[in-house]
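Colleague: Just so it is clear, I am handing over entry.txt, which has compact mmCIF, C-alpha atoms.
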```
# COMPACT_ATOMS: atom_id res chain seq x y z
CA MET N 1072 32.46 67.47 53.03
CA SER N 1073 34.46 67.28 56.21
CA GLY N 1074 36.20 69.87 58.27
CA GLY N 1075 34.57 72.98 56.91
CA ASP N 1076 31.79 73.13 59.44
CA GLN N 1077 33.71 71.90 62.40
CA GLY N 1078 33.35 73.93 65.55
CA ARG N 1079 30.29 75.71 64.24
CA GLU N 1080 27.44 74.58 66.34
CA VAL N 1081 23.99 76.02 66.25
CA ARG N 1082 21.73 75.32 69.18
CA ARG N 1083 18.07 76.25 69.25
CA GLU N 1084 15.40 75.54 71.82
CA ILE N 1085 11.67 75.49 71.43
CA TYR N 1086 8.75 74.51 73.64
CA ILE N 1087 6.27 72.17 71.97
CA ASP N 1088 2.98 71.32 73.63
CA ALA N 1089 2.88 67.68 72.50
CA ALA N 1090 3.85 64.27 73.80
CA PRO N 1091 7.55 63.42 73.35
CA ALA N 1092 6.55 60.43 71.21
CA THR N 1093 4.70 62.72 68.79
CA VAL N 1094 7.73 64.95 68.34
CA PHE N 1095 10.05 61.93 68.16
CA ALA N 1096 8.05 60.51 65.25
CA LEU N 1097 8.21 63.84 63.43
CA LEU N 1098 12.01 63.78 63.77
CA THR N 1099 12.59 60.15 62.79
CA ASP N 1100 9.83 58.91 60.49
CA ALA N 1101 10.60 59.97 56.92
CA ARG N 1102 6.95 60.16 55.97
CA GLN N 1103 6.14 62.35 58.95
CA MET N 1104 9.22 64.49 58.37
CA THR N 1105 7.78 65.60 55.03
CA ARG N 1106 5.04 67.34 57.01
CA TRP N 1107 7.37 70.05 58.25
CA LEU N 1108 10.95 69.61 57.07
CA ALA N 1109 11.19 69.12 53.32
CA GLU N 1110 9.30 67.79 50.34
CA THR N 1111 11.22 64.56 50.12
CA VAL N 1112 12.94 62.96 53.02
CA GLU N 1113 15.02 59.83 53.37
CA ALA N 1114 15.87 59.01 56.94
CA ASP N 1115 17.69 56.24 58.72
CA PRO N 1116 17.17 57.17 62.35
CA ALA N 1117 20.06 55.41 64.05
CA PRO N 1118 23.46 56.69 65.15
CA ARG N 1119 25.41 57.54 61.97
CA GLY N 1120 22.27 56.91 59.94
CA VAL N 1121 21.95 59.34 57.06
CA PHE N 1122 19.09 61.70 56.33
CA ARG N 1123 18.59 63.48 53.02
CA LEU N 1124 16.20 66.33 52.52
CA SER N 1125 15.30 67.92 49.26
CA GLU N 1126 12.95 70.52 47.98
CA ALA N 1127 11.43 70.76 44.52
CA GLY N 1128 13.65 73.77 43.79
CA GLY N 1129 16.70 71.53 43.90
CA LYS N 1130 17.84 72.56 47.34
CA SER N 1131 19.13 69.60 49.28
CA ILE N 1132 20.68 68.89 52.62
CA GLU N 1133 22.34 65.76 53.85
CA GLY N 1134 23.31 64.94 57.39
CA SER N 1135 23.34 62.17 59.88
CA TYR N 1136 21.78 61.24 63.14
CA ILE N 1137 24.32 61.50 65.94
CA GLU N 1138 22.19 60.24 68.82
CA VAL N 1139 18.74 58.72 68.83
CA HIS N 1140 17.02 57.83 72.08
CA SER N 1141 13.37 56.86 71.92
CA HIS N 1142 12.85 56.18 75.59
CA PRO N 1143 12.77 57.62 78.15
CA LYS N 1144 14.18 60.83 76.78
CA ASP N 1145 12.89 60.85 73.20
CA ARG N 1146 15.97 62.64 72.09
CA VAL N 1147 17.34 63.12 68.60
CA HIS N 1148 20.62 64.82 67.81
CA LEU N 1149 21.13 65.72 64.16
CA GLY N 1150 24.29 66.73 62.38
CA ARG N 1151 24.47 68.29 58.96
CA HIS N 1152 27.02 67.21 56.40
CA SER N 1153 26.33 69.49 53.54
CA GLY N 1154 23.78 71.71 51.99
CA ALA N 1155 23.27 73.22 48.58
CA MET U 1454 10.28 99.87 69.50
CA THR U 1455 10.15 98.11 66.15
CA ALA U 1456 12.93 96.03 64.67
CA LEU U 1457 13.03 98.41 61.70
CA ALA U 1458 13.61 101.47 63.90
CA THR U 1459 16.30 99.56 65.78
CA LEU U 1460 17.99 98.50 62.55
CA GLN U 1461 17.87 102.02 61.12
CA ALA U 1462 19.48 103.36 64.28
CA ILE U 1463 22.27 100.79 64.15
CA ALA U 1464 22.89 100.88 60.41
CA GLU U 1465 25.00 104.02 60.31
CA PRO U 1466 28.80 103.73 60.60
CA THR U 1467 29.31 106.22 63.43
CA ARG U 1468 26.47 104.86 65.52
CA PHE U 1469 27.60 101.33 64.81
CA LYS U 1470 31.02 102.22 66.25
CA ILE U 1471 29.55 104.09 69.21
CA LEU U 1472 27.63 100.96 70.20
CA HIS U 1473 30.88 99.02 70.28
CA LEU U 1474 32.64 101.72 72.28
CA VAL U 1475 30.07 101.75 75.04
CA ARG U 1476 29.22 98.09 74.91
CA ASP U 1477 30.55 97.32 78.35
CA ARG U 1478 31.61 100.60 79.86
CA GLU U 1479 30.13 104.04 80.33
CA MET U 1480 31.63 106.92 78.39
CA ALA U 1481 30.97 110.63 78.48
CA ALA U 1482 29.77 112.33 75.31
CA GLY U 1483 33.03 114.29 75.05
CA GLU U 1484 35.09 111.16 75.38
CA ILE U 1485 33.06 109.50 72.62
CA ALA U 1486 33.43 112.54 70.37
CA GLN U 1487 37.22 112.41 70.74
CA ARG U 1488 37.23 109.00 69.08
CA PHE U 1489 35.67 110.40 65.92
CA HIS U 1490 36.64 113.23 63.63
CA GLN U 1491 33.26 114.79 64.24
CA THR U 1492 31.97 117.71 66.23
CA ARG U 1493 30.36 117.30 69.65
CA PRO U 1494 26.93 118.36 68.29
CA ALA U 1495 27.20 115.80 65.48
CA ILE U 1496 27.96 113.06 68.01
CA SER U 1497 25.13 114.31 70.21
CA VAL U 1498 22.69 113.77 67.35
CA HIS U 1499 23.88 110.17 67.00
CA LEU U 1500 23.61 109.62 70.74
CA ARG U 1501 20.08 110.99 70.78
CA ILE U 1502 19.04 108.64 67.97
CA LEU U 1503 20.47 105.65 69.85
CA LEU U 1504 18.78 106.80 73.06
CA ARG U 1505 15.45 107.25 71.34
CA VAL U 1506 15.31 103.62 70.16
CA GLY U 1507 16.47 102.40 73.55
CA LEU U 1508 19.87 101.09 72.47
CA LEU U 1509 21.70 103.38 74.93
CA SER U 1510 21.00 104.56 78.41
CA GLU U 1511 22.09 107.94 79.73
CA ARG U 1512 23.13 108.90 83.22
CA ARG U 1513 24.14 112.27 84.61
CA ALA U 1514 27.26 112.50 86.73
CA GLY U 1515 27.95 116.07 87.73
CA THR U 1516 28.20 118.07 84.54
CA LYS U 1517 28.80 115.01 82.40
CA ARG U 1518 26.37 112.71 80.71
CA LEU U 1519 27.49 109.12 80.58
CA TYR U 1520 26.31 106.62 77.98
CA VAL U 1521 26.29 102.86 77.93
CA VAL U 1522 24.62 100.17 75.82
CA ARG U 1523 21.18 99.09 76.97
CA PRO U 1524 21.00 95.35 76.12
CA GLU U 1525 17.19 95.27 76.28
CA GLY U 1526 17.21 97.59 73.28
CA PHE U 1527 18.32 94.68 71.12
CA VAL U 1528 15.27 92.56 71.97
CA PRO U 1529 13.14 93.67 68.96
CA LEU U 1530 16.03 92.91 66.63
CA HIS U 1531 16.60 89.56 68.22
CA GLY U 1532 12.94 88.70 67.73
CA PHE U 1533 13.15 89.78 64.11
CA ILE U 1534 16.15 87.56 63.38
CA ALA U 1535 14.71 84.60 65.28
CA GLY U 1536 11.60 84.84 63.11
CA PHE U 1537 13.71 83.89 60.09
CA TRP U 1538 16.10 81.60 61.81
CA ASP U 1539 13.44 79.45 63.47
CA VAL U 1540 11.04 79.01 60.56
CA ARG U 1541 11.51 75.24 60.40
CA LEU U 1542 11.38 74.78 64.16
CA GLN U 1543 8.19 76.81 64.33
CA ARG U 1544 6.77 74.58 61.61
CA LEU U 1545 7.71 71.49 63.64
CA LYS U 1546 5.97 72.98 66.66
CA ARG U 1547 2.83 73.77 64.66
CA VAL U 1548 2.64 70.30 63.11
CA ALA U 1549 3.41 68.46 66.36
CA GLU U 1550 0.76 70.38 68.25
CA ALA U 1551 -1.77 69.76 65.47
CA VAL U 1552 -0.97 66.03 65.50
CA GLU U 1553 -1.39 66.06 69.25
CA ARG U 1554 -4.82 67.62 69.03
CA GLU U 1555 -5.95 65.02 66.47
CA GLN U 1556 -4.90 62.13 68.69
CA PRO U 1557 -7.20 60.58 71.28
CA LYS U 1558 -6.56 62.05 74.73
CA GLN U 1559 -5.51 58.68 76.18
CA ARG U 1560 -2.18 58.71 74.41
CA ARG U 1561 -1.13 61.88 76.15
CA LYS U 1562 -0.94 60.07 79.46
CA LYS U 1563 2.25 58.41 78.34
CA SER U 1564 3.91 61.71 77.59
CA ARG U 1565 6.21 61.77 80.62
```
Please express the file's structure as structure tokens.
Modeller:
Amino acid sequence: MSGGDQGREVRREIYIDAAPATVFALLTDARQMTRWLAETVEADPAPRGVFRLSEAGGKSIEGSYIEVHSHPKDRVHLGRHSGA
Amino acid sequence: MTALATLQAIAEPTRFKILHLVRDREMAAGEIAQRFHQTRPAISVHLRILLRVGLLSERRAGTKRLYVVRPEGFVPLHGFIAGFWDVRLQRLKRVAEAVEREQPKQRRKKSR
């Protein structure tokens, strides 16, 4: 699972009318992540910590947290390892 | 202009190539026609279709008409693609804003 996706970066921006802490929790708390990201979520929100997402249909994605800053920037940088 | 009309205008091999030809420089209709094994009237029809959906702009210079890509014409298509691409992000936005509304106002003070 290495090498294939190198150099392919996707960057998206969105404006969310909510406190940074609210969005931060939705990006780092596995239980909260199930509210918008996938049916089941495992998340270890620390640099190099792994997250696994899966849907009932068998679709799954695994990646890792690259950067996690809770304060003052409430910033999360996710990388994807693989998807099926 | 709708994304569908824009897509239909683009999704034809000659028009697809014309868009590339005049992407960053103006060309006269005759000059464009020379690049294809098609008659001037046939190319004119393609140019009119691209003009109609706003993907090209036309300018007169003497007896010539010059054509160039009109970037704004791609906006409907961009919106269409983003609607699929950003599904998850839009969901995050919706949920986060709903959570925010449920929370007592006090917490919002700490948002910056």
Colleague: Go through N:His1148, N:Glu1133, N:Pro1116, N:Arg1123 one by one, measure the shortest atom-to-atom distance of each to Ala1096 in chain N using only C-alpha atoms, and give the residue with the smallest value.
Modeller: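 So, comparing all the options, the nearest one is N:Pro1116.
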Colleague: Please measure the separation of CA of Leu1149 in chain N and CA of Gly1134 in chain N, giving the value in Å to one decimal.
Modeller: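 Computing it gives 7.2 Å between the two atoms.
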Colleague: One number please: CA of Arg1119 in chain N to CA of Arg1151 in chain N, in Å, one decimal.
Modeller: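 The value is 11.2 Å.
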Colleague: Mind dumping a table of every chain N residue within 7 Å of chain U, with the nearest atom pair and its distance in Å to one decimal, using all atoms listed in the file, sorted by chain and rising number, as JSON lines?
Modeller:
```
{"residue": "N:Ile1087", "atom": "CA", "partner": "U:Lys1546", "partner_atom": "CA", "distance": 5.4}
{"residue": "N:Asp1088", "atom": "CA", "partner": "U:Glu1550", "partner_atom": "CA", "distance": 5.9}
{"residue": "N:Ala1089", "atom": "CA", "partner": "U:Glu1550", "partner_atom": "CA", "distance": 5.5}
{"residue": "N:Ala1090", "atom": "CA", "partner": "U:Ser1564", "partner_atom": "CA", "distance": 4.6}
{"residue": "N:Pro1091", "atom": "CA", "partner": "U:Ser1564", "partner_atom": "CA", "distance": 5.8}
{"residue": "N:Thr1093", "atom": "CA", "partner": "U:Ala1549", "partner_atom": "CA", "distance": 6.4}
{"residue": "N:Val1094", "atom": "CA", "partner": "U:Ala1549", "partner_atom": "CA", "distance": 5.9}
{"residue": "N:Trp1107", "atom": "CA", "partner": "U:Leu1545", "partner_atom": "CA", "distance": 5.6}
{"residue": "N:Leu1108", "atom": "CA", "partner": "U:Arg1541", "partner_atom": "CA", "distance": 6.6}
```
Colleague: Taking 2 positions as the minimum chain separation for residues in the same chain, which residues sit within 10 Å of Arg1488 in chain U when counting all atoms listed in the file? Answer as number ranges by chain.
Modeller: U: 1470-1471, 1474, 1483-1486, 1490-1491
Colleague: What is the CA of Asp1477 in chain U-CA of His1499 in chain U distance in Å, reported with one decimal?
Modeller: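 CA of Asp1477 in chain U sits 18.4 Å away from CA of His1499 in chain U.
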Colleague: Do a neighbour search on Arg1146 in chain N at 12 Å with all atoms listed in the file, toss out local chain neighbours closer than 6 positions, and write the hits as a list in words.
Modeller: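 That gives Pro1091, Ala1092, Thr1093, Val1094, Phe1095, Ala1096, Leu1097, Leu1098, Thr1099, Pro1116, Ala1117, Pro1118, Tyr1136, Ile1137, Glu1138, Val1139 and His1140 of chain N.
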Colleague: Between U:Val1528, U:Arg1523, U:Thr1516, U:Phe1537, which residue has the minimum interatomic distance to Leu1504 in chain U, considering all atoms listed in the file?
Modeller: U:Arg1523
Colleague: Which residues are near Arg1501 in chain U? Cut-off 12 Å, all atoms listed in the file, ignore same chain within fewer than 4 positions. Put them as a count of residues only.
Modeller: 17
Colleague: Would you place a box with edges along x, y and z of the file around all atoms of range 1454-1467 of chain U listed there, add 6 Å to each of its six sides, and report the centre and edge lengths in Å to one decimal, as lines of an AutoDock Vina configuration file?
Modeller:
```
center_x = 19.7
center_y = 101.1
center_z = 64.9
size_x = 31.2
size_y = 22.2
size_z = 21.2
```
Colleague: With only C-alpha atoms as the atoms that count, which of N:Ile1132, N:Ile1085, N:Val1147, N:Leu1124 lies nearest to Thr1111 in chain N?
Modeller: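 That would be N:Leu1124, the residue with the smallest distance to Thr1111 in chain N.
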Colleague: Do you know which residues are at most 6 Å from Ala1101 in chain N counting all atoms listed in the file, after dropping those on the same chain fewer than 5 positions away, and could you put them as an MDAnalysis selection string?
Modeller: chainID N and resid 1112:1114
Colleague: Take the residues from that selection and write them out as a tab-separated table (two decimals), keeping the file's coordinate frame, keeping C-alpha atoms.
Modeller:
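Printed below is out37.tsv as written:
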```tsv
chain	number	residue	atom	x	y	z
N	1112	VAL	CA	12.94	62.96	53.02
N	1113	GLU	CA	15.02	59.83	53.37
N	1114	ALA	CA	15.87	59.01	56.94
```
Colleague: What would range 1094-1114 of chain N look like with N, CA and C atoms in place, written as a short mmCIF file (atom, residue, chain, number, x, y, z; two decimals), keeping the file's coordinate frame?
Modeller:
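out-v8.cif was written with the following content:
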```cif
data_model
loop_
_atom_site.label_atom_id
_atom_site.label_comp_id
_atom_site.auth_asym_id
_atom_site.auth_seq_id
_atom_site.Cartn_x
_atom_site.Cartn_y
_atom_site.Cartn_z
N VAL N 1094 6.63 64.18 68.90
CA VAL N 1094 7.73 64.95 68.34
C VAL N 1094 8.82 64.00 67.82
N PHE N 1095 9.04 62.92 68.55
CA PHE N 1095 10.05 61.93 68.16
C PHE N 1095 9.73 61.39 66.77
N ALA N 1096 8.45 61.06 66.54
CA ALA N 1096 8.05 60.51 65.25
C ALA N 1096 8.28 61.54 64.14
N LEU N 1097 8.02 62.80 64.45
CA LEU N 1097 8.21 63.84 63.43
C LEU N 1097 9.69 64.07 63.11
N LEU N 1098 10.56 63.61 63.98
CA LEU N 1098 12.01 63.78 63.77
C LEU N 1098 12.67 62.52 63.20
N THR N 1099 11.94 61.40 63.18
CA THR N 1099 12.59 60.15 62.79
C THR N 1099 11.87 59.38 61.68
N ASP N 1100 10.59 59.64 61.50
CA ASP N 1100 9.83 58.91 60.49
C ASP N 1100 9.81 59.75 59.21
N ALA N 1101 10.44 59.21 58.16
CA ALA N 1101 10.60 59.97 56.92
C ALA N 1101 9.27 60.53 56.40
N ARG N 1102 8.24 59.71 56.49
CA ARG N 1102 6.95 60.16 55.97
C ARG N 1102 6.42 61.35 56.79
N GLN N 1103 6.59 61.25 58.09
CA GLN N 1103 6.14 62.35 58.95
C GLN N 1103 7.03 63.59 58.81
N MET N 1104 8.28 63.36 58.51
CA MET N 1104 9.22 64.49 58.37
C MET N 1104 8.84 65.38 57.18
N THR N 1105 8.18 64.77 56.18
CA THR N 1105 7.78 65.60 55.03
C THR N 1105 6.69 66.60 55.42
N ARG N 1106 6.09 66.40 56.58
CA ARG N 1106 5.04 67.34 57.01
C ARG N 1106 5.58 68.68 57.45
N TRP N 1107 6.86 68.75 57.77
CA TRP N 1107 7.37 70.05 58.25
C TRP N 1107 8.77 70.40 57.76
N LEU N 1108 9.53 69.36 57.31
CA LEU N 1108 10.95 69.61 57.07
C LEU N 1108 11.32 69.84 55.61
N ALA N 1109 10.83 68.99 54.74
CA ALA N 1109 11.19 69.12 53.32
C ALA N 1109 10.21 68.30 52.51
N GLU N 1110 10.26 68.51 51.18
CA GLU N 1110 9.30 67.79 50.34
C GLU N 1110 9.60 66.30 50.27
N THR N 1111 10.89 65.98 50.09
CA THR N 1111 11.22 64.56 50.12
C THR N 1111 12.26 64.32 51.19
N VAL N 1112 12.06 63.28 51.90
CA VAL N 1112 12.94 62.96 53.02
C VAL N 1112 13.30 61.48 52.99
N GLU N 1113 14.58 61.21 53.14
CA GLU N 1113 15.02 59.83 53.37
C GLU N 1113 15.65 59.88 54.75
N ALA N 1114 15.31 58.95 55.59
CA ALA N 1114 15.87 59.01 56.94
C ALA N 1114 16.14 57.62 57.49
#
```
